[in-house]
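Enquirer: Below you'll find entry-v3.tsv; it's TSV, C-alpha atoms.
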```
chain	number	residue	atom	x	y	z
A	5	MET	CA	0.00	0.00	0.00
A	6	ASN	CA	1.44	3.35	-1.04
A	7	LYS	CA	1.55	5.83	1.82
A	8	SER	CA	0.33	8.69	-0.33
A	9	THR	CA	-2.82	6.77	-1.19
A	10	ILE	CA	-3.55	5.16	2.15
A	11	LYS	CA	-7.29	5.01	2.62
A	12	LEU	CA	-9.12	6.27	5.65
A	13	ILE	CA	-8.85	3.30	7.96
A	14	PHE	CA	-11.39	2.84	10.69
A	15	ALA	CA	-11.01	0.80	13.86
A	16	ALA	CA	-12.63	-2.60	13.63
A	17	ALA	CA	-14.77	-2.26	16.74
A	18	VAL	CA	-18.25	-1.27	15.59
A	19	LEU	CA	-21.29	-0.95	17.79
A	20	ALA	CA	-23.53	-3.89	16.96
A	21	ALA	CA	-26.91	-2.20	16.67
A	22	PRO	CA	-29.96	-4.49	16.94
A	23	THR	CA	-30.68	-4.48	13.24
A	24	ALA	CA	-34.27	-5.71	13.35
A	25	VAL	CA	-35.26	-2.46	15.00
A	26	MET	CA	-32.73	0.03	13.64
A	27	ALA	CA	-33.23	-1.00	10.01
A	28	GLN	CA	-36.75	0.38	9.85
A	29	PRO	CA	-36.74	3.46	7.62
A	30	THR	CA	-39.93	4.82	9.21
A	31	GLN	CA	-38.06	5.52	12.44
A	32	GLN	CA	-36.74	8.90	11.28
A	33	ALA	CA	-40.16	10.48	10.80
A	34	ARG	CA	-41.43	8.97	14.05
A	35	CYS	CA	-38.39	10.18	15.99
A	36	THR	CA	-39.00	13.73	14.82
A	37	THR	CA	-42.36	13.51	16.57
A	38	ASP	CA	-41.08	11.62	19.63
A	39	SER	CA	-38.05	13.84	20.19
A	40	LEU	CA	-36.25	13.96	23.56
A	41	THR	CA	-33.25	15.76	25.00
A	42	ILE	CA	-30.30	13.72	26.28
A	43	GLU	CA	-31.61	13.98	29.86
A	44	GLN	CA	-35.15	13.02	28.82
A	45	ALA	CA	-33.82	10.11	26.77
A	46	ALA	CA	-31.95	8.71	29.79
A	47	LEU	CA	-35.12	8.98	31.89
A	48	ARG	CA	-37.14	7.19	29.18
A	49	ILE	CA	-34.61	4.33	29.15
A	50	GLU	CA	-34.75	4.01	32.96
A	51	TRP	CA	-38.55	4.11	32.81
A	52	ALA	CA	-38.70	1.32	30.19
A	53	ARG	CA	-36.44	-0.90	32.30
A	54	LYS	CA	-38.51	-0.29	35.43
A	55	CYS	CA	-41.81	-1.03	33.69
A	56	GLY	CA	-40.52	-4.11	31.93
A	57	LEU	CA	-39.08	-5.59	35.12
A	58	THR	CA	-41.99	-4.82	37.44
A	59	LEU	CA	-44.84	-5.64	35.05
A	60	ASN	CA	-43.59	-8.33	32.71
A	61	THR	CA	-41.10	-10.70	34.40
A	62	GLY	CA	-43.36	-12.45	36.91
A	63	ALA	CA	-45.21	-15.73	36.41
A	64	THR	CA	-48.51	-13.86	36.61
A	65	PRO	CA	-49.21	-11.29	33.84
A	66	GLY	CA	-48.72	-7.71	34.99
A	67	THR	CA	-46.21	-8.61	37.70
A	68	GLY	CA	-42.45	-8.76	38.13
A	69	ASN	CA	-40.18	-11.12	40.04
A	70	PRO	CA	-36.56	-10.20	40.91
A	71	ASN	CA	-35.76	-13.90	41.34
A	72	ASN	CA	-36.59	-14.73	37.72
A	73	TRP	CA	-33.10	-13.91	36.48
A	74	PHE	CA	-30.91	-16.09	34.27
A	75	ASN	CA	-27.28	-16.00	33.17
A	76	SER	CA	-26.72	-13.91	30.03
A	77	SER	CA	-23.93	-14.05	27.47
A	78	PHE	CA	-22.45	-10.85	28.96
A	79	PHE	CA	-20.25	-10.66	32.06
A	80	ASP	CA	-19.77	-8.73	35.26
A	81	THR	CA	-16.41	-7.28	36.27
A	82	SER	CA	-15.43	-10.62	37.85
A	83	PHE	CA	-16.19	-12.33	34.54
A	84	ASN	CA	-19.20	-14.14	35.88
A	85	PRO	CA	-22.29	-14.25	33.63
A	86	ALA	CA	-24.34	-11.08	34.10
A	87	LYS	CA	-27.81	-11.70	35.54
A	88	GLU	CA	-30.56	-10.96	33.01
A	89	TYR	CA	-34.38	-10.81	32.85
A	90	GLN	CA	-36.71	-11.56	29.95
A	91	GLU	CA	-40.14	-10.01	29.47
A	92	ASN	CA	-42.89	-12.63	29.30
A	93	ASP	CA	-45.59	-11.01	27.17
A	94	PRO	CA	-44.16	-10.00	23.76
A	95	ASN	CA	-47.32	-8.01	22.98
A	96	ARG	CA	-46.93	-5.66	25.93
A	97	ALA	CA	-43.14	-5.38	26.18
A	98	TYR	CA	-40.98	-2.37	27.01
A	99	SER	CA	-37.85	-4.00	25.51
A	100	GLY	CA	-36.96	-4.45	21.85
A	101	ASN	CA	-37.90	-7.69	20.14
A	102	SER	CA	-34.72	-8.29	18.11
A	103	ASN	CA	-32.93	-9.68	21.16
A	104	THR	CA	-35.88	-11.60	22.61
A	105	PHE	CA	-36.99	-8.91	25.08
A	106	TYR	CA	-33.94	-9.02	27.36
A	107	VAL	CA	-34.45	-6.10	29.76
A	108	ASN	CA	-30.93	-5.34	31.00
A	109	TYR	CA	-29.47	-5.81	27.52
A	110	TRP	CA	-31.78	-3.20	26.02
A	111	TYR	CA	-31.29	-0.85	28.95
A	112	THR	CA	-27.50	-0.88	28.64
A	113	TRP	CA	-27.52	-0.87	24.83
A	114	GLY	CA	-29.49	2.36	24.83
A	115	LEU	CA	-27.63	4.12	27.62
A	116	PHE	CA	-23.99	2.97	27.46
A	117	PRO	CA	-21.31	2.24	24.83
A	118	ALA	CA	-21.26	-1.40	23.77
A	119	THR	CA	-19.09	-3.74	25.85
A	120	PRO	CA	-19.24	-7.40	26.95
A	121	VAL	CA	-18.47	-6.49	30.59
A	122	TYR	CA	-20.69	-4.51	32.98
A	123	THR	CA	-20.87	-3.63	36.64
A	124	VAL	CA	-23.69	-5.84	37.91
A	125	PHE	CA	-25.40	-5.25	41.26
A	126	GLN	CA	-28.65	-5.97	43.05
A	127	GLN	CA	-30.68	-2.86	43.75
A	128	THR	CA	-31.38	-2.08	47.40
A	129	SER	CA	-34.07	0.57	47.02
A	130	GLY	CA	-36.52	2.12	44.61
A	131	PRO	CA	-39.26	0.61	42.42
A	132	THR	CA	-36.94	-2.15	41.15
A	133	LEU	CA	-35.85	-3.26	44.63
A	134	ASN	CA	-33.90	-6.56	44.56
A	135	PHE	CA	-33.70	-6.67	40.75
A	136	TRP	CA	-30.23	-7.05	39.23
A	137	LYS	CA	-28.99	-4.06	37.22
A	138	TRP	CA	-26.12	-3.51	34.79
A	139	SER	CA	-24.16	-0.28	34.59
A	140	ARG	CA	-21.11	1.39	33.06
A	141	PRO	CA	-19.13	4.47	34.21
A	142	THR	CA	-19.57	6.32	30.91
A	143	GLN	CA	-22.89	7.09	29.26
A	144	ARG	CA	-23.40	7.30	25.49
A	145	PRO	CA	-23.04	10.85	24.16
A	146	ARG	CA	-26.44	10.39	22.52
A	147	PRO	CA	-28.59	7.77	24.28
A	148	LEU	CA	-30.83	5.61	22.10
A	149	TYR	CA	-34.30	5.61	23.62
A	150	PRO	CA	-37.32	3.43	22.76
A	151	SER	CA	-40.38	4.72	20.98
A	152	PHE	CA	-43.59	2.73	20.82
A	153	ASP	CA	-46.26	1.77	18.31
A	154	THR	CA	-49.40	-0.31	18.09
A	155	THR	CA	-47.60	-2.60	15.62
A	156	VAL	CA	-44.21	-4.26	15.84
A	157	THR	CA	-43.30	-2.83	12.42
A	158	GLY	CA	-43.90	0.77	13.50
A	159	THR	CA	-46.57	1.38	10.86
A	160	GLY	CA	-49.58	1.68	13.17
A	161	THR	CA	-50.41	4.36	15.71
A	162	GLN	CA	-47.48	5.99	17.49
A	163	LEU	CA	-47.68	5.69	21.28
A	164	PHE	CA	-46.10	7.74	24.07
A	165	PRO	CA	-45.44	7.36	27.80
A	166	HIS	CA	-47.08	9.89	30.10
A	167	PRO	CA	-45.07	13.16	29.77
A	168	THR	CA	-44.09	12.93	33.47
A	169	LEU	CA	-43.45	9.15	33.31
A	170	ALA	CA	-45.96	8.95	36.16
A	171	ASN	CA	-47.01	5.39	35.31
A	172	CYS	CA	-46.20	2.54	32.92
A	173	SER	CA	-49.15	3.22	30.61
A	174	LEU	CA	-48.89	4.29	26.99
A	175	TYR	CA	-51.03	6.91	25.27
A	176	SER	CA	-51.92	7.75	21.68
A	177	ASP	CA	-51.11	11.43	22.30
A	178	LYS	CA	-48.04	13.13	23.79
A	179	THR	CA	-50.06	14.89	26.49
A	180	GLY	CA	-50.97	11.60	28.18
A	181	THR	CA	-54.71	12.09	27.72
A	182	THR	CA	-55.90	9.17	25.56
A	183	LEU	CA	-54.97	5.89	27.21
A	184	TRP	CA	-54.00	2.93	25.02
A	185	ASN	CA	-55.37	-0.29	26.53
A	186	THR	CA	-54.21	-3.02	24.18
A	187	PHE	CA	-50.99	-4.31	22.56
A	188	PHE	CA	-47.88	-2.13	22.22
A	189	TYR	CA	-44.36	-2.67	20.93
A	190	VAL	CA	-40.94	-1.03	20.81
A	191	SER	CA	-40.78	-0.53	17.06
A	192	TYR	CA	-37.85	1.89	16.74
A	193	TYR	CA	-35.12	3.72	18.67
A	194	CYS	CA	-34.39	7.42	18.44
A	195	GLU	CA	-31.33	9.66	18.61
A	196	SER	CA	-30.77	13.33	19.38
A	197	SER	CA	-29.51	16.21	17.20
A	198	CYS	CA	-26.33	18.30	17.01
A	199	TYR	CA	-26.02	21.44	14.83
A	200	ALA	CA	-26.89	24.90	16.10
A	201	PRO	CA	-29.58	26.46	13.87
A	202	ASP	CA	-27.26	29.10	12.37
A	203	GLN	CA	-24.79	26.54	10.95
A	204	SER	CA	-24.36	25.66	7.27
A	205	LEU	CA	-23.61	22.39	5.52
A	206	ARG	CA	-22.04	21.92	2.09
A	207	PHE	CA	-24.44	20.97	-0.71
A	208	SER	CA	-23.83	20.64	-4.45
A	209	ASP	CA	-24.31	24.37	-5.08
A	210	GLY	CA	-22.50	25.66	-1.98
A	211	ASP	CA	-23.06	26.11	1.74
A	212	VAL	CA	-26.71	26.08	2.87
A	213	ASN	CA	-28.12	26.79	6.32
A	214	VAL	CA	-29.11	23.49	7.97
A	215	VAL	CA	-32.64	24.68	8.83
A	216	LYS	CA	-33.21	25.94	5.28
A	217	ALA	CA	-31.88	22.68	3.85
A	218	MET	CA	-34.23	20.64	6.03
A	219	LYS	CA	-37.26	22.76	5.09
A	220	GLU	CA	-36.40	22.44	1.40
A	221	LYS	CA	-35.69	18.70	1.79
A	222	ARG	CA	-32.33	19.10	0.07
A	223	ASP	CA	-31.09	15.77	-1.22
A	224	ASP	CA	-27.67	16.75	-2.62
A	225	LEU	CA	-25.34	16.71	0.38
A	226	VAL	CA	-21.57	16.87	-0.17
A	227	THR	CA	-19.57	14.17	1.65
A	228	LEU	CA	-16.15	12.59	1.31
A	229	THR	CA	-15.97	9.63	-1.05
A	230	ALA	CA	-15.62	6.19	0.49
A	231	ASP	CA	-11.97	5.98	-0.68
A	232	ALA	CA	-10.90	9.51	0.28
A	233	THR	CA	-7.55	9.98	2.00
A	234	LEU	CA	-5.81	12.76	3.91
A	235	ASP	CA	-3.71	13.39	0.81
A	236	ASP	CA	-6.75	13.33	-1.46
A	237	LEU	CA	-9.93	14.56	0.24
A	238	ALA	CA	-12.17	13.65	-2.68
A	239	THR	CA	-15.84	14.60	-2.33
A	240	GLN	CA	-19.09	13.49	-3.87
A	241	THR	CA	-22.73	14.53	-3.94
A	242	ALA	CA	-24.71	12.10	-1.80
A	243	ARG	CA	-28.38	11.56	-1.13
A	244	VAL	CA	-29.79	12.34	2.31
A	245	PHE	CA	-31.30	9.57	4.42
A	246	SER	CA	-32.77	11.83	7.10
A	247	TYR	CA	-32.91	15.20	8.79
A	248	THR	CA	-33.71	15.26	12.52
A	249	THR	CA	-34.59	17.93	15.04
A	250	GLU	CA	-36.42	18.25	18.33
A	251	ILE	CA	-40.18	18.64	18.23
A	252	ARG	CA	-39.93	21.24	21.00
A	253	ASP	CA	-37.35	23.64	22.35
A	254	ALA	CA	-34.86	22.33	24.90
A	255	GLU	CA	-31.61	23.41	26.54
A	256	ASN	CA	-28.50	22.26	24.64
A	257	VAL	CA	-24.81	22.68	25.46
A	258	ILE	CA	-23.08	24.41	22.52
A	259	TYR	CA	-19.36	24.70	21.80
A	260	LYS	CA	-18.29	27.49	19.45
A	261	LEU	CA	-14.84	26.88	18.01
A	262	THR	CA	-13.04	29.85	16.43
A	263	THR	CA	-9.95	29.20	14.29
A	264	ALA	CA	-6.90	31.19	13.22
A	265	SER	CA	-8.30	31.67	9.72
A	266	GLY	CA	-11.36	33.42	11.15
A	267	GLY	CA	-13.65	30.43	10.69
A	268	SER	CA	-16.04	29.21	13.37
A	269	LEU	CA	-18.11	26.11	14.04
A	270	SER	CA	-20.95	25.83	16.60
A	271	VAL	CA	-22.12	22.33	17.54
A	272	THR	CA	-23.37	20.46	20.56
A	273	ASN	CA	-20.77	19.20	23.00
A	274	GLU	CA	-20.72	15.60	21.72
A	275	HIS	CA	-20.57	16.37	18.02
A	276	PRO	CA	-17.69	14.52	16.30
A	277	ILE	CA	-15.16	16.70	14.45
A	278	ILE	CA	-12.14	15.70	12.35
A	279	THR	CA	-8.82	17.14	13.51
A	280	SER	CA	-5.78	17.78	11.31
A	281	VAL	CA	-4.05	14.61	12.55
A	282	GLY	CA	-6.97	12.47	11.45
A	283	ARG	CA	-8.81	11.96	14.71
A	284	LEU	CA	-12.57	12.11	15.16
A	285	VAL	CA	-13.01	13.97	18.46
A	286	GLN	CA	-16.04	15.23	20.34
A	287	ALA	CA	-16.26	19.02	20.42
A	288	GLN	CA	-16.03	19.04	24.22
A	289	LYS	CA	-12.68	17.17	24.06
A	290	LEU	CA	-10.96	19.77	21.88
A	291	ALA	CA	-8.48	22.27	23.35
A	292	LEU	CA	-6.82	25.51	22.30
A	293	GLY	CA	-4.03	24.75	19.84
A	294	ASP	CA	-5.76	21.71	18.36
A	295	GLU	CA	-6.28	21.99	14.62
A	296	LEU	CA	-9.48	21.41	12.72
A	297	LEU	CA	-9.32	20.24	9.12
A	298	GLN	CA	-10.72	22.48	6.41
A	299	ALA	CA	-12.49	20.95	3.43
A	300	ASP	CA	-9.37	21.34	1.25
A	301	GLY	CA	-7.16	19.61	3.83
A	302	THR	CA	-5.67	22.78	5.34
A	303	PRO	CA	-5.09	22.59	9.13
A	304	ASP	CA	-6.71	25.46	11.06
A	305	GLU	CA	-5.70	26.07	14.68
A	306	ILE	CA	-8.36	26.61	17.34
A	307	ILE	CA	-7.70	29.96	19.01
A	308	LYS	CA	-10.92	30.34	20.99
A	309	ILE	CA	-13.43	27.95	22.57
A	310	GLU	CA	-16.71	29.28	23.92
A	311	LYS	CA	-19.15	27.09	25.84
A	312	SER	CA	-22.75	28.25	26.10
A	313	THR	CA	-26.31	26.95	26.29
A	314	LEU	CA	-28.92	27.25	23.57
A	315	PHE	CA	-32.57	27.02	24.50
A	316	GLY	CA	-34.13	25.96	21.25
A	317	LYS	CA	-33.82	23.26	18.63
A	318	VAL	CA	-30.67	21.70	17.22
A	319	TYR	CA	-30.44	19.76	13.97
A	320	ASN	CA	-28.74	16.75	12.43
A	321	ILE	CA	-28.38	15.02	9.10
A	322	LYS	CA	-27.55	11.50	7.97
A	323	PRO	CA	-26.40	10.57	4.42
A	324	ALA	CA	-28.04	7.65	2.69
A	325	GLN	CA	-24.67	5.95	2.28
A	326	THR	CA	-23.52	3.85	5.21
A	327	GLU	CA	-19.77	3.65	4.45
A	328	PRO	CA	-17.97	5.35	7.37
A	329	VAL	CA	-15.75	7.63	5.28
A	330	ALA	CA	-18.74	8.73	3.18
A	331	ASN	CA	-20.30	9.96	6.42
A	332	ILE	CA	-17.79	12.77	6.81
A	333	LEU	CA	-19.49	16.07	5.91
A	334	ILE	CA	-18.47	19.69	5.49
A	335	ALA	CA	-19.94	22.06	8.10
A	336	GLN	CA	-18.95	25.73	8.07
A	337	GLY	CA	-16.02	24.71	5.86
A	338	PHE	CA	-14.70	22.03	8.28
A	339	LEU	CA	-14.79	18.22	8.16
A	340	VAL	CA	-17.18	16.71	10.69
A	341	GLY	CA	-18.89	13.38	11.29
A	342	SER	CA	-22.53	12.77	10.40
A	343	ALA	CA	-25.25	11.51	12.72
A	344	ARG	CA	-24.15	7.92	12.06
A	345	PHE	CA	-20.96	8.47	14.09
A	346	GLN	CA	-22.90	9.54	17.16
A	347	ASN	CA	-24.82	6.30	17.53
A	348	ASP	CA	-24.43	3.64	14.82
A	349	ASP	CA	-20.64	4.04	14.81
A	350	ILE	CA	-20.04	5.45	18.28
A	351	GLY	CA	-17.03	3.15	18.65
A	352	TYR	CA	-15.11	5.37	16.24
A	353	ILE	CA	-15.14	8.39	18.54
A	354	ASN	CA	-11.61	9.32	19.66
A	355	ARG	CA	-10.02	6.80	17.28
A	356	ILE	CA	-7.58	7.52	14.46
A	357	LEU	CA	-9.55	7.82	11.21
A	358	LEU	CA	-7.15	9.34	8.71
A	359	PHE	CA	-3.53	8.33	8.34
A	360	ARG	CA	-0.59	10.13	6.77
A	361	GLY	CA	2.94	8.70	6.68
A	362	VAL	CA	2.12	5.54	8.63
A	363	PRO	CA	4.39	2.60	7.77
A	364	ASP	CA	2.62	-0.09	5.76
A	365	ASP	CA	3.57	-2.83	8.18
A	366	VAL	CA	1.66	-1.26	11.09
A	367	MET	CA	-1.52	-0.44	9.17
A	368	PRO	CA	-4.66	-2.38	10.16
A	369	ARG	CA	-5.57	-5.08	7.67
```
Translate the structure of the given file into structure tokens.
Expert:
Amino acid sequence: MNKSTIKLIFAAAVLAAPTAVMAQPTQQARCTTDSLTIEQAALRIEWARKCGLTLNTGATPGTGNPNNWFNSSFFDTSFNPAKEYQENDPNRAYSGNSNTFYVNYWYTWGLFPATPVYTVFQQTSGPTLNFWKWSRPTQRPRPLYPSFDTTVTGTGTQLFPHPTLANCSLYSDKTGTTLWNTFFYVSYYCESSCYAPDQSLRFSDGDVNVVKAMKEKRDDLVTLTADATLDDLATQTARVFSYTTEIRDAENVIYKLTTASGGSLSVTNEHPIITSVGRLVQAQKLALGDELLQADGTPDEIIKIEKSTLFGKVYNIKPAQTEPVANILIAQGFLVGSARFQNDDIGYINRILLFRGVPDDVMPR
């Protein structure tokens, strides 16, 4: 392999998303309606675990039993099998169906980065007293939270928990007024958004404000090609799989990065950004003196970092192509990761993505 044409090499560890749920294309429209902040998403995930355990793991329908655990294929920190629970009624389940309604698996998959080892402990208080729980020290930057439907395929009536999570019921309206009394399913999982509303993305005819692009349903996004390299940042015009935003205003942490060239980029704290040395780094991990990478490959030093809060909506975009390199976009003239890096490919965060001058014999194969 010639060093000047080394491809963008990605680490092999990829988050194994439960494909039976995540593959549903209808999820994007539904998630725009059922849109939560990071904090609300974490609460929804905790709520789903609580309801599944206490209402659907007992021998009698509508009950839970903390003694009905079994050994899973995951492990605790002592490398003993992690204790798991399975929901009994698949037609009234709070866990996803692509992994046979395993409660702790779905809880940790939505809230934490993927790993085979968890801290496992028996709860000593609260509504899930004596149930076994899995945990990790680091939460996902963008939790994946369950949304519900009257059909397992997500093509029926969309359902919602009570807005205060006051009970384990589901409703056909977001205000928690019209109670749903029959079958319900987790039919899709949702993610949050990232771009401040004044930011622009590169389309085929130039930079376009992200809000304007979403309203116009622009389908000509510029991304890197799948075989682009640091020495040849080739681009292409790609179709758009989805735009996402919150359905209501919420408080978001925003990092504004100002560079030596006079450029600036404003994104949420977890948004992945390409640096000049080929690393994909969350905005909140960047420091003064780090260099962003302009669309033409020019390094641009960060000279100012401003942290603020935005009460309003933030936005995100996902190309139709799934190749990792083709999910690098141009925002405000800088290379950044698309929405796929924040959840589907979260394992790539903080890993080397672009290589220059690396000896052939140490390159991943």
Enquirer: Could you give me, as a short mmCIF file (atom, residue, chain, number, x, y, z; two decimals) with C-alpha atoms, in the frame of the given file, the residues within 10 Å of Leu290 (chain A), counting all atoms listed in the file and dropping anything in the same chain fewer than 6 positions from it?
Expert:
```cif
data_model
loop_
_atom_site.label_atom_id
_atom_site.label_comp_id
_atom_site.auth_asym_id
_atom_site.auth_seq_id
_atom_site.Cartn_x
_atom_site.Cartn_y
_atom_site.Cartn_z
CA TYR A 259 -19.36 24.70 21.80
CA LEU A 261 -14.84 26.88 18.01
CA ASN A 273 -20.77 19.20 23.00
CA ILE A 277 -15.16 16.70 14.45
CA THR A 279 -8.82 17.14 13.51
CA LEU A 296 -9.48 21.41 12.72
CA ILE A 306 -8.36 26.61 17.34
CA ILE A 309 -13.43 27.95 22.57
#
```
Enquirer: How many Å separate CA of Leu148 (chain A) from CA of Tyr193 (chain A)?
Expert: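 Those two atoms sit 5.8 Å apart.
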Enquirer: What is the CA of Gly341 (chain A)-CA of Phe315 (chain A) distance in Å, reported with one decimal?
Expert: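 Taking CA of Gly341 (chain A) and CA of Phe315 (chain A), their separation equals 23.4 Å.
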Enquirer: If we count all atoms listed in the file and set the cut-off at 9 Å, which residues sit around Ile49 (chain A), ignoring sequence neighbours fewer than 5 positions away in its own chain? Please answer as a PyMOL selection string.
Expert: chain A and resi 44+54+110-112+114-115+147-150
Enquirer: For the selection just defined, write its residues with C-alpha atoms to a file, as a PDB file, in the frame of the given file.
Expert:
```pdb
ATOM      1  CA  GLN A  44     -35.150  13.020  28.820  1.00  0.00           C
ATOM      2  CA  LYS A  54     -38.510  -0.290  35.430  1.00  0.00           C
ATOM      3  CA  TRP A 110     -31.780  -3.200  26.020  1.00  0.00           C
ATOM      4  CA  TYR A 111     -31.290  -0.850  28.950  1.00  0.00           C
ATOM      5  CA  THR A 112     -27.500  -0.880  28.640  1.00  0.00           C
ATOM      6  CA  GLY A 114     -29.490   2.360  24.830  1.00  0.00           C
ATOM      7  CA  LEU A 115     -27.630   4.120  27.620  1.00  0.00           C
ATOM      8  CA  PRO A 147     -28.590   7.770  24.280  1.00  0.00           C
ATOM      9  CA  LEU A 148     -30.830   5.610  22.100  1.00  0.00           C
ATOM     10  CA  TYR A 149     -34.300   5.610  23.620  1.00  0.00           C
ATOM     11  CA  PRO A 150     -37.320   3.430  22.760  1.00  0.00           C
TER      12      PRO A 150
END
```
Enquirer: Take CA of Phe152 (chain A) and CA of Pro94 (chain A) and report the distance between them in Å, one decimal.
Expert: 13.1 Å
Enquirer: Find the spatial neighbours of region 135-140 of chain A, counting only C-alpha atoms, within a cut-off of 9 Å - ignore same-chain residues fewer than 5 positions away - and output them as a list in words.
Expert: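 Using only C-alpha atoms, the neighbours found are Leu57, Asn69, Pro70, Asn71, Trp73, Asp80, Ala86, Lys87, Glu88, Tyr89, Asn108, Tyr109, Tyr111, Thr112, Leu115, Phe116, Pro117, Val121, Tyr122, Thr123, Val124, Phe125, Gln126, Gln127 and Thr128 of chain A.
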Enquirer: Restricting the calculation to only C-alpha atoms, which member of A:Ala97, A:Ile334, A:Val226, A:Val340 is positioned closest to Ser173 (chain A)?
Expert: A:Ala97
Enquirer: Using all atoms listed in the file, which of the listed residues (A:Ser270, A:Arg144, A:Thr241, A:Arg96) sits closest to Ala118 (chain A)?
Expert: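 Closest to Ala118 (chain A), using all atoms listed in the file: A:Arg144.
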Enquirer: Leaving out Trp51 (chain A) and any residue of its chain fewer than 3 positions from it, which residues lie within 9 Å of it when counting only C-alpha atoms, given as a VMD selection string?
Expert: chain A and resid 46 to 48 54 to 56 169 171 to 172
Enquirer: From the options A:Thr37, A:Asn331, A:Ser280, A:Gln288, which residue's atoms come nearest to Arg243 (chain A), counting only C-alpha atoms?
Expert: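 For Arg243 (chain A), the nearest of the candidates is A:Asn331.
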Enquirer: Need to verify the contact set: Gly293 (chain A), 8 Å, all atoms listed in the file, exclusion of same-chain residues closer than 2 positions in sequence. Can you return it as a PyMOL selection string?
Expert: chain A and resi 291+295+305-307
Enquirer: Kindly list the centre and edge lengths in Å, rounded to one decimal, for the axis-aligned box that covers all listed atoms of region 270-287 of chain A plus 3 Å on each of its six sides, as AutoDock Vina command-line options.
Expert:
```
--center_x -13.7 --center_y 18.9 --center_z 17.2 --size_x 25.3 --size_y 19.9 --size_z 17.7
```
Enquirer: Restricting the calculation to all atoms listed in the file, which member of A:Phe338, A:Pro276, A:Tyr189, A:Thr313 is positioned closest to Asp300 (chain A)?
Expert: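 So, comparing all the options, the nearest one is A:Phe338.
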